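> Provided below: my_file_2.txt, containing compact mmCIF, C-alpha atoms.
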# COMPACT_ATOMS: atom_id res chain seq x y z
CA MET A 1 0.00 0.00 0.00
CA SER A 2 1.32 3.46 -0.88
CA LEU A 3 2.18 6.05 1.79
CA TRP A 4 2.28 3.28 4.42
CA ARG A 5 4.95 2.16 6.84
CA PRO A 6 5.10 -0.43 9.63
CA VAL A 7 5.62 0.61 13.22
CA ALA A 8 9.13 0.37 14.65
CA GLU A 9 9.62 -2.54 17.06
CA THR A 10 10.85 -0.10 19.72
CA VAL A 11 7.41 1.52 19.99
CA TRP A 12 5.61 -1.38 21.67
CA GLN A 13 7.54 -1.81 24.92
CA GLY A 14 6.65 -1.87 28.60
CA ARG A 15 7.00 -3.60 31.96
CA ASP A 16 7.10 -7.39 31.91
CA ASP A 17 5.09 -8.93 34.77
CA SER A 18 4.68 -12.35 33.14
CA ALA A 19 6.65 -14.05 35.97
CA GLU A 20 3.74 -13.28 38.32
CA ALA A 21 1.03 -15.10 36.35
CA SER A 22 0.14 -16.14 32.81
CA ASN A 23 -2.47 -13.41 32.58
CA ALA A 24 -0.29 -10.62 34.00
CA THR A 25 0.02 -9.12 30.56
CA ARG A 26 0.18 -5.64 29.09
CA ILE A 27 -0.88 -4.47 25.67
CA PHE A 28 2.64 -4.45 24.23
CA GLN A 29 2.69 -8.22 24.90
CA THR A 30 -0.70 -9.05 23.35
CA ILE A 31 -0.97 -6.72 20.36
CA GLN A 32 -0.38 -8.27 16.94
CA GLN A 33 2.17 -6.29 14.95
CA GLN A 34 1.82 -6.47 11.18
CA ALA A 35 5.03 -6.23 9.13
CA GLN A 36 2.90 -5.79 6.01
CA PHE A 37 -0.53 -4.27 5.49
CA THR A 38 -2.64 -7.42 5.39
CA PRO A 39 -6.15 -7.12 6.88
CA LEU A 40 -7.30 -9.96 9.11
CA SER A 41 -10.71 -11.63 9.19
CA SER A 42 -11.57 -10.19 12.61
CA GLY A 43 -10.26 -7.99 15.39
CA ILE A 44 -9.50 -4.29 15.74
CA ALA A 45 -7.16 -2.71 13.19
CA LEU A 46 -5.07 0.02 14.81
CA ILE A 47 -3.93 2.46 12.13
CA GLY A 48 -1.87 5.62 12.55
CA PHE A 49 -2.39 8.72 10.40
CA GLU A 50 0.81 10.77 10.56
CA CYS A 51 -0.57 14.05 9.30
CA ASP A 52 -1.07 17.65 10.33
CA ALA A 53 -1.26 19.14 6.84
CA GLY A 54 -4.96 19.87 7.40
CA VAL A 55 -4.18 21.65 10.67
CA LYS A 56 -1.60 23.82 8.91
CA ARG A 57 -4.10 24.69 6.19
CA ASN A 58 -6.61 25.58 8.90
CA GLN A 59 -4.08 27.94 10.56
CA GLY A 60 -3.74 25.71 13.63
CA ARG A 61 -0.72 24.61 15.66
CA PRO A 62 1.15 21.84 13.80
CA GLY A 63 2.55 18.80 15.58
CA ALA A 64 -0.22 16.19 15.35
CA ALA A 65 1.75 14.24 12.73
CA GLN A 66 3.92 12.91 15.57
CA ALA A 67 0.91 11.74 17.60
CA PRO A 68 0.34 8.10 16.48
CA ASP A 69 3.55 6.62 17.88
CA ILE A 70 3.36 8.72 21.06
CA LEU A 71 -0.14 7.37 21.68
CA ARG A 72 0.99 3.83 20.91
CA LYS A 73 3.76 4.16 23.51
CA ALA A 74 1.27 5.47 26.09
CA LEU A 75 -1.07 2.55 25.37
CA ALA A 76 1.66 -0.10 25.31
CA ASN A 77 2.21 -0.36 29.07
CA MET A 78 -1.48 -0.49 30.01
CA ALA A 79 -2.88 -3.80 31.21
CA SER A 80 -4.30 -6.14 28.59
CA HIS A 81 -7.81 -7.27 29.46
CA GLN A 82 -10.80 -8.52 27.47
CA GLY A 83 -10.84 -7.01 24.00
CA HIS A 84 -7.25 -5.83 23.95
CA GLU A 85 -5.93 -9.13 22.63
CA ARG A 86 -7.95 -8.39 19.48
CA LEU A 87 -5.83 -5.33 18.67
CA ALA A 88 -3.63 -5.61 15.58
CA ASP A 89 -1.28 -2.76 14.69
CA MET A 90 -1.57 -2.31 10.94
CA GLY A 91 1.07 0.44 10.73
CA SER A 92 0.67 4.09 9.72
CA VAL A 93 -0.31 6.13 6.70
CA TYR A 94 1.81 9.26 6.29
CA VAL A 95 1.63 12.44 4.22
CA GLU A 96 4.40 13.75 2.01
CA GLY A 97 4.71 17.51 2.25
CA ASP A 98 1.33 19.10 1.59
CA GLU A 99 -0.05 16.14 -0.39
CA LEU A 100 -2.94 15.77 2.03
CA GLU A 101 -5.47 14.40 -0.43
CA SER A 102 -3.19 11.50 -1.45
CA ALA A 103 -2.69 10.52 2.19
CA GLN A 104 -6.42 10.76 2.86
CA ARG A 105 -7.11 8.49 -0.12
CA ALA A 106 -4.57 5.98 1.20
CA LEU A 107 -6.19 5.97 4.64
CA SER A 108 -9.69 5.60 3.17
CA ASP A 109 -8.56 2.62 1.11
CA ALA A 110 -6.89 1.02 4.14
CA VAL A 111 -10.01 1.49 6.27
CA THR A 112 -12.32 0.07 3.60
CA ALA A 113 -10.05 -2.95 3.14
CA CYS A 114 -10.00 -3.66 6.89
CA GLN A 115 -13.74 -3.16 7.29
CA GLN A 116 -14.61 -5.39 4.35
CA SER A 117 -12.32 -8.13 5.66
CA GLY A 118 -14.20 -8.21 8.98
CA MET A 119 -12.12 -5.88 11.14
CA ARG A 120 -13.16 -2.73 12.99
CA THR A 121 -10.84 0.25 12.75
CA LEU A 122 -9.26 2.37 15.48
CA VAL A 123 -7.26 5.27 14.05
CA PHE A 124 -4.78 7.48 15.86
CA GLY A 125 -4.61 10.85 14.07
CA GLY A 126 -3.37 13.27 12.94
CA GLY A 127 -5.48 16.35 12.75
CA HIS A 128 -9.25 16.19 12.25
CA GLU A 129 -8.64 15.90 8.52
CA THR A 130 -8.41 12.22 9.60
CA ALA A 131 -12.22 12.15 9.78
CA TRP A 132 -12.84 12.78 6.07
CA ALA A 133 -10.58 9.83 5.20
CA HIS A 134 -11.77 7.49 7.97
CA GLY A 135 -15.44 8.32 7.48
CA ARG A 136 -15.26 7.89 3.71
CA GLY A 137 -13.62 4.49 4.21
CA VAL A 138 -16.48 3.35 6.44
CA LEU A 139 -19.14 4.70 4.09
CA ASP A 140 -17.52 2.89 1.16
CA ALA A 141 -17.41 -0.37 3.13
CA PHE A 142 -21.15 -0.24 3.88
CA PRO A 143 -22.79 1.48 0.91
CA GLY A 144 -26.31 0.24 1.61
CA GLU A 145 -26.43 0.96 5.35
CA ARG A 146 -27.29 3.89 7.59
CA VAL A 147 -23.97 5.14 8.97
CA ALA A 148 -24.12 7.66 11.80
CA VAL A 149 -21.13 9.95 12.26
CA ILE A 150 -20.79 10.91 15.94
CA ASN A 151 -18.27 13.63 16.69
CA LEU A 152 -17.18 14.43 20.26
CA ASP A 153 -15.78 17.88 19.64
CA ALA A 154 -15.82 21.52 20.63
CA HIS A 155 -16.00 22.39 16.91
CA LEU A 156 -18.51 21.54 14.20
CA ASP A 157 -15.81 21.25 11.51
CA LEU A 158 -18.26 22.16 8.75
CA ARG A 159 -16.12 24.88 7.21
CA LYS A 160 -16.33 25.73 3.53
CA ALA A 161 -12.92 25.95 1.88
CA ASP A 162 -11.27 25.58 -1.54
CA ARG A 163 -9.40 22.49 -0.34
CA ALA A 164 -9.50 20.04 2.55
CA THR A 165 -8.43 21.19 6.02
CA SER A 166 -8.89 19.97 9.58
CA GLY A 167 -11.99 22.17 9.68
CA THR A 168 -13.81 20.72 6.64
CA PRO A 169 -14.19 16.94 7.16
CA PHE A 170 -17.89 16.74 7.98
CA LEU A 171 -18.98 19.04 5.19
CA GLN A 172 -16.89 16.84 2.89
CA LEU A 173 -18.66 13.75 4.20
CA ALA A 174 -22.02 15.50 3.81
CA ASN A 175 -21.25 16.34 0.19
CA TYR A 176 -19.97 12.81 -0.42
CA CYS A 177 -23.25 11.36 0.85
CA ASP A 178 -25.29 13.85 -1.17
CA GLU A 179 -23.46 12.90 -4.37
CA ARG A 180 -24.41 9.26 -3.74
CA GLY A 181 -27.99 9.84 -2.71
CA ARG A 182 -27.30 8.85 0.90
CA GLU A 183 -28.57 10.58 4.00
CA PHE A 184 -25.81 12.24 6.02
CA ARG A 185 -26.36 11.44 9.68
CA TYR A 186 -24.20 13.75 11.79
CA ALA A 187 -24.14 14.37 15.54
CA CYS A 188 -21.75 16.65 17.40
CA PHE A 189 -21.60 16.31 21.18
CA GLY A 190 -19.75 18.83 23.36
CA VAL A 191 -19.84 21.60 20.79
CA SER A 192 -18.99 25.09 22.03
CA ARG A 193 -21.15 27.98 20.87
CA ALA A 194 -18.25 30.30 21.66
CA ALA A 195 -15.91 28.39 19.33
CA ASN A 196 -18.19 28.27 16.26
CA THR A 197 -19.53 31.17 14.20
CA GLN A 198 -23.21 31.56 13.44
CA ALA A 199 -22.47 30.52 9.86
CA LEU A 200 -21.32 27.13 11.13
CA TRP A 201 -24.42 26.74 13.31
CA ASP A 202 -26.55 27.57 10.26
CA GLU A 203 -24.73 24.90 8.25
CA ALA A 204 -25.35 22.33 10.99
CA GLU A 205 -29.05 23.23 10.99
CA ARG A 206 -29.18 22.88 7.20
CA LEU A 207 -27.74 19.39 7.54
CA ASN A 208 -30.22 18.52 10.30
CA ALA A 209 -27.35 17.64 12.63
CA THR A 210 -27.93 16.49 16.20
CA LEU A 211 -26.11 18.95 18.49
CA VAL A 212 -25.43 18.87 22.22
CA GLU A 213 -23.60 21.88 23.61
CA ASP A 214 -20.84 21.62 26.20
CA LEU A 215 -23.00 23.54 28.72
CA HIS A 216 -25.80 20.97 28.45
CA PHE A 217 -23.72 17.82 28.02
CA ARG A 218 -24.48 16.13 31.32
CA ARG A 219 -28.22 16.58 30.92
CA GLU A 220 -28.74 16.09 27.19
CA ALA A 221 -26.01 13.84 25.78
CA LEU A 222 -27.30 10.38 26.67
CA PRO A 223 -30.96 11.00 25.67
CA ALA A 224 -29.84 12.52 22.36
CA LEU A 225 -27.46 9.61 21.78
CA GLU A 226 -30.24 7.06 22.18
CA LYS A 227 -32.13 8.67 19.30
CA VAL A 228 -29.02 8.76 17.08
CA LEU A 229 -28.24 5.10 17.75
CA ALA A 230 -31.82 4.02 17.13
CA GLN A 231 -31.68 5.43 13.60
CA ALA A 232 -28.33 3.92 12.62
CA ASP A 233 -27.07 0.55 11.39
CA ARG A 234 -23.39 1.41 11.91
CA VAL A 235 -21.57 4.13 13.83
CA TYR A 236 -18.33 5.96 13.15
CA LEU A 237 -17.12 7.69 16.33
CA THR A 238 -14.53 10.44 16.07
CA ILE A 239 -13.08 12.03 19.22
CA ASP A 240 -11.41 15.39 18.81
CA LEU A 241 -9.38 15.64 21.99
CA ASP A 242 -10.02 19.40 22.17
CA VAL A 243 -13.50 18.51 23.44
CA LEU A 244 -11.77 18.00 26.80
CA PRO A 245 -10.97 20.91 29.16
CA ALA A 246 -7.54 22.45 28.58
CA GLY A 247 -6.61 21.45 32.13
CA GLU A 248 -7.13 17.77 31.23
CA MET A 249 -5.94 17.97 27.63
CA PRO A 250 -3.41 20.74 26.98
CA ALA A 251 -1.87 18.93 24.03
CA VAL A 252 -4.15 19.99 21.17
CA SER A 253 -4.14 22.61 18.46
CA ALA A 254 -7.04 24.57 20.00
CA PRO A 255 -7.37 23.98 23.79
CA ALA A 256 -10.92 24.32 25.13
CA ALA A 257 -11.69 27.20 27.49
CA LEU A 258 -14.49 25.13 29.05
CA GLY A 259 -14.68 21.64 27.57
CA VAL A 260 -16.33 18.41 28.73
CA PRO A 261 -14.46 16.39 31.39
CA ALA A 262 -13.38 12.86 30.52
CA LEU A 263 -15.59 11.36 33.24
CA ASP A 264 -18.61 12.93 31.52
CA LEU A 265 -17.53 11.75 28.07
CA LEU A 266 -16.96 8.14 29.09
CA PRO A 267 -20.63 7.13 29.63
CA VAL A 268 -21.38 8.36 26.10
CA ILE A 269 -18.43 6.45 24.67
CA GLU A 270 -19.44 3.34 26.61
CA GLN A 271 -23.02 3.45 25.34
CA ILE A 272 -21.79 3.76 21.75
CA CYS A 273 -19.37 0.84 22.20
CA ARG A 274 -21.93 -1.40 23.86
CA SER A 275 -24.62 -0.63 21.26
CA GLY A 276 -23.14 -3.25 18.97
CA LYS A 277 -23.17 -0.69 16.15
CA LEU A 278 -19.73 0.89 16.54
CA GLN A 279 -17.73 0.07 13.42
CA ALA A 280 -14.91 2.61 13.61
CA ALA A 281 -13.39 5.08 16.05
CA ASP A 282 -10.52 7.54 16.08
CA LEU A 283 -8.77 10.00 18.36
CA VAL A 284 -7.50 13.14 16.66
CA GLU A 285 -5.76 16.48 17.20
CA PHE A 286 -3.33 15.22 19.84
CA ASN A 287 -0.23 17.41 19.66
CA PRO A 288 2.71 16.05 21.68
CA GLN A 289 4.61 19.34 21.42
CA TYR A 290 2.20 20.91 23.93
CA ASP A 291 1.86 17.99 26.34
CA ARG A 292 2.78 18.24 30.02
CA ASP A 293 4.66 15.26 31.46
CA GLY A 294 2.78 12.91 29.13
CA GLN A 295 -0.54 13.87 30.76
CA GLY A 296 -2.45 14.30 27.51
CA ALA A 297 -0.97 11.16 25.94
CA LYS A 298 -1.98 9.06 28.94
CA LEU A 299 -5.55 10.36 28.88
CA ALA A 300 -5.92 9.84 25.13
CA ALA A 301 -4.48 6.33 25.45
CA ARG A 302 -6.90 5.58 28.28
CA LEU A 303 -9.82 6.56 26.04
CA ALA A 304 -8.48 4.19 23.38
CA TRP A 305 -8.04 1.49 26.05
CA GLN A 306 -11.67 1.87 27.11
CA ILE A 307 -12.94 1.73 23.53
CA ALA A 308 -11.09 -1.53 22.82
CA HIS A 309 -12.27 -3.00 26.14
CA TRP A 310 -15.91 -2.01 25.71
CA TRP A 311 -15.90 -3.04 22.06
CA ALA A 312 -15.43 -6.63 23.21
Now that the file is in, can you turn its structure into structure tokens?

Amino acid sequence: MSLWRPVAETVWQGRDDSAEASNATRIFQTIQQQAQFTPLSSGIALIGFECDAGVKRNQGRPGAAQAPDILRKALANMASHQGHERLADMGSVYVEGDELESAQRALSDAVTACQQSGMRTLVFGGGHETAWAHGRGVLDAFPGERVAVINLDAHLDLRKADRATSGTPFLQLANYCDERGREFRYACFGVSRAANTQALWDEAERLNATLVEDLHFRREALPALEKVLAQADRVYLTIDLDVLPAGEMPAVSAPAALGVPALDLLPVIEQICRSGKLQAADLVEFNPQYDRDGQGAKLAARLAWQIAHWWA
């Protein structure tokens, strides 16, 4: 596959407690590492997207291209429980220079191949330009089904632009669905009214999006989620880490002034995972250059850990 590379063996390392008991294992010991991109018939395909070209185009803080391996390292030393043994690291897609669209095409193709082979996909971005590629891959894998796109994010990311950026992915997915006569089912939970112009809110209304603001998250998120899940066959979940408060997640391009705490997000994530409809998930916008003592990486990895565990 073009624009693809395997993960270095030095990434998946951690503490070895195997002398204590046969099940005293950590994820670095149970993950399957693929030397070539060859989708399996089941399991969770972990794919990195080494890209921040969309962030640069959107005038954000670059650095997210280094995120996938940092997140892998943070996940590696966590305990391996039910579900984690199904993880298979399929390597990373990377971008050359500003050739964002080529990298997005490569990621879409990789996702579709994994999904059609029987795997679910867990992607470590990259900026939120990851979502256009990941979402398109899922849509292509299930052309006759109702795919709900659920975005945990402070931003709507429905910008209009001459070319793809980290702020355009959901408008791109909406247009992609429209071109194919499919209904675009979009929900954004944790959105900040202060971080989105009225033009973006108008665009969300035009698309009949389901919106839950950060101020109302605790009260409205779960009831709204039930309705979204009831009307979907498959779900693509994308978590922009800037939905979290800056105090919990400093390592993003646009830290949230308010945000939704992780402990409030987790019941929503759990319900999506346990619905039986979650087909794909990603974590995006992590920027290691702005992390503090690995705090952001550990929290992002814990979210990924929970997704893999609840997916089981």
> Show me, as a compact mmCIF listing (two decimals) with C-alpha atoms, in the coordinates of the input, the residues that have an atom within 9 Å of stretch 28-32 of chain A when counting all atoms listed in the file, minus same-chain residues fewer than 3 positions from it.

# COMPACT_ATOMS: atom_id res chain seq x y z
CA VAL A 11 7.41 1.52 19.99
CA TRP A 12 5.61 -1.38 21.67
CA GLN A 13 7.54 -1.81 24.92
CA GLY A 14 6.65 -1.87 28.60
CA ARG A 15 7.00 -3.60 31.96
CA ASP A 16 7.10 -7.39 31.91
CA THR A 25 0.02 -9.12 30.56
CA LYS A 73 3.76 4.16 23.51
CA LEU A 75 -1.07 2.55 25.37
CA ALA A 76 1.66 -0.10 25.31
CA ASN A 77 2.21 -0.36 29.07
CA MET A 78 -1.48 -0.49 30.01
CA ALA A 79 -2.88 -3.80 31.21
CA SER A 80 -4.30 -6.14 28.59
CA HIS A 84 -7.25 -5.83 23.95
CA GLU A 85 -5.93 -9.13 22.63
CA ARG A 86 -7.95 -8.39 19.48
CA LEU A 87 -5.83 -5.33 18.67
CA ALA A 88 -3.63 -5.61 15.58
CA ASP A 89 -1.28 -2.76 14.69
CA MET A 90 -1.57 -2.31 10.94
> Extract, using all atoms listed in the file, all DNA, RNA and protein residues at most 7 Å from A:His128, discarding same-chain residues fewer than 6 positions from it, and format them as a list of chain:residue names.
A:Ser166, A:Asp240, A:Val284, A:Glu285
> A:Val138: which residues within 12 Å, counting all atoms listed in the file, same-chain residues fewer than 6 positions away excluded, as a PyMOL selection string?
chain A and resi 107-116+119-122+131-132+144-149+173+177+234-237+278-281
> Between A:Gln231, A:Gln66, A:Gln34, A:Ser192, which has the minimum distance to A:Leu211 (counting all atoms listed in the file)?
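For A:Leu211, the nearest of the given residues is A:Ser192.
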> Hey, can you check how far atom CA of A:Ala312 sits from atom CA of A:Tyr94?
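It comes out at 28.9 Å.
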> Under the rule that only C-alpha atoms are counted, which of A:Pro169, A:Gly97, A:Gly125, A:Gly190 is the nearest residue to A:Arg219?
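For A:Arg219, the nearest of the given residues is A:Gly190.
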> Which of these residues is nearest to A:Ser117, using all atoms listed in the file: A:Ala74, A:Ile27, A:Leu225, A:Leu40?
A:Leu40
> Can you measure atom CA of A:Leu46 to atom CA of A:Gly276 for me? One decimal in Å is fine.
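Atom CA of A:Leu46 sits 18.8 Å away from atom CA of A:Gly276.
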> So, with all atoms listed in the file as the atoms that count, which of A:Val252, A:Leu207, A:Ala257, A:Ala141 lies closest to A:Val191?
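The answer is A:Ala257, which sits nearest to A:Val191.
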> Go through A:Glu96, A:Glu226, A:Asp233, A:Glu270 one by one, measure the shortest atom-to-atom distance of each to A:Trp4 using all atoms listed in the file, and give the residue with the smallest value.
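Nearest candidate to A:Trp4 out of A:Glu96, A:Glu226, A:Asp233, A:Glu270: A:Glu96.
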> Around the point (-28.8, 19.8, 11.6), in the coordinates given by the file, pick out the residues reaching within 12 Å, counting all atoms listed in the file, and return them as a ChimeraX atom specification.
/A:156,158,170-171,174,183-188,200-212
> Given 6 Å on each side, where is the centre and what are the edge lengths in Å to one decimal of the axis-aligned box enclosing the listed atoms of stretch 14-22 of chain A, as JSON?

{"center_x": 3.6, "center_y": -9.0, "center_z": 33.5, "size_x": 19.0, "size_y": 26.3, "size_z": 21.7}
> Kindly indicate which residue among A:Arg72, A:His81, A:Arg61, A:Arg193 lies nearest to A:Asn23, using all atoms listed in the file for the distances.
A:His81
> So what do you get for atom CA of A:Phe217 versus atom CA of A:Arg159, distance-wise?
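Atom-to-atom, atom CA of A:Phe217 to atom CA of A:Arg159, that is 23.3 Å.
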> Using only C-alpha atoms, collect all residues at a distance of at most 9 Å from (-2.5, 12.6, 2.6) as written in the file, then present them as a PyMOL selection string.
chain A and resi 3+49-51+53+93-107+133
> Do you know which residues are at most 9 Å from A:Pro261 counting only C-alpha atoms, after dropping those on the same chain fewer than 5 positions away, and could you put them as a PDB file with C-alpha atoms, in the coordinates of the input?

ATOM      1  CA  VAL A 243     -13.500  18.510  23.440  1.00  0.00           C
ATOM      2  CA  LEU A 244     -11.770  18.000  26.800  1.00  0.00           C
ATOM      3  CA  PRO A 245     -10.970  20.910  29.160  1.00  0.00           C
ATOM      4  CA  GLU A 248      -7.130  17.770  31.230  1.00  0.00           C
ATOM      5  CA  LEU A 266     -16.960   8.140  29.090  1.00  0.00           C
TER       6      LEU A 266
END
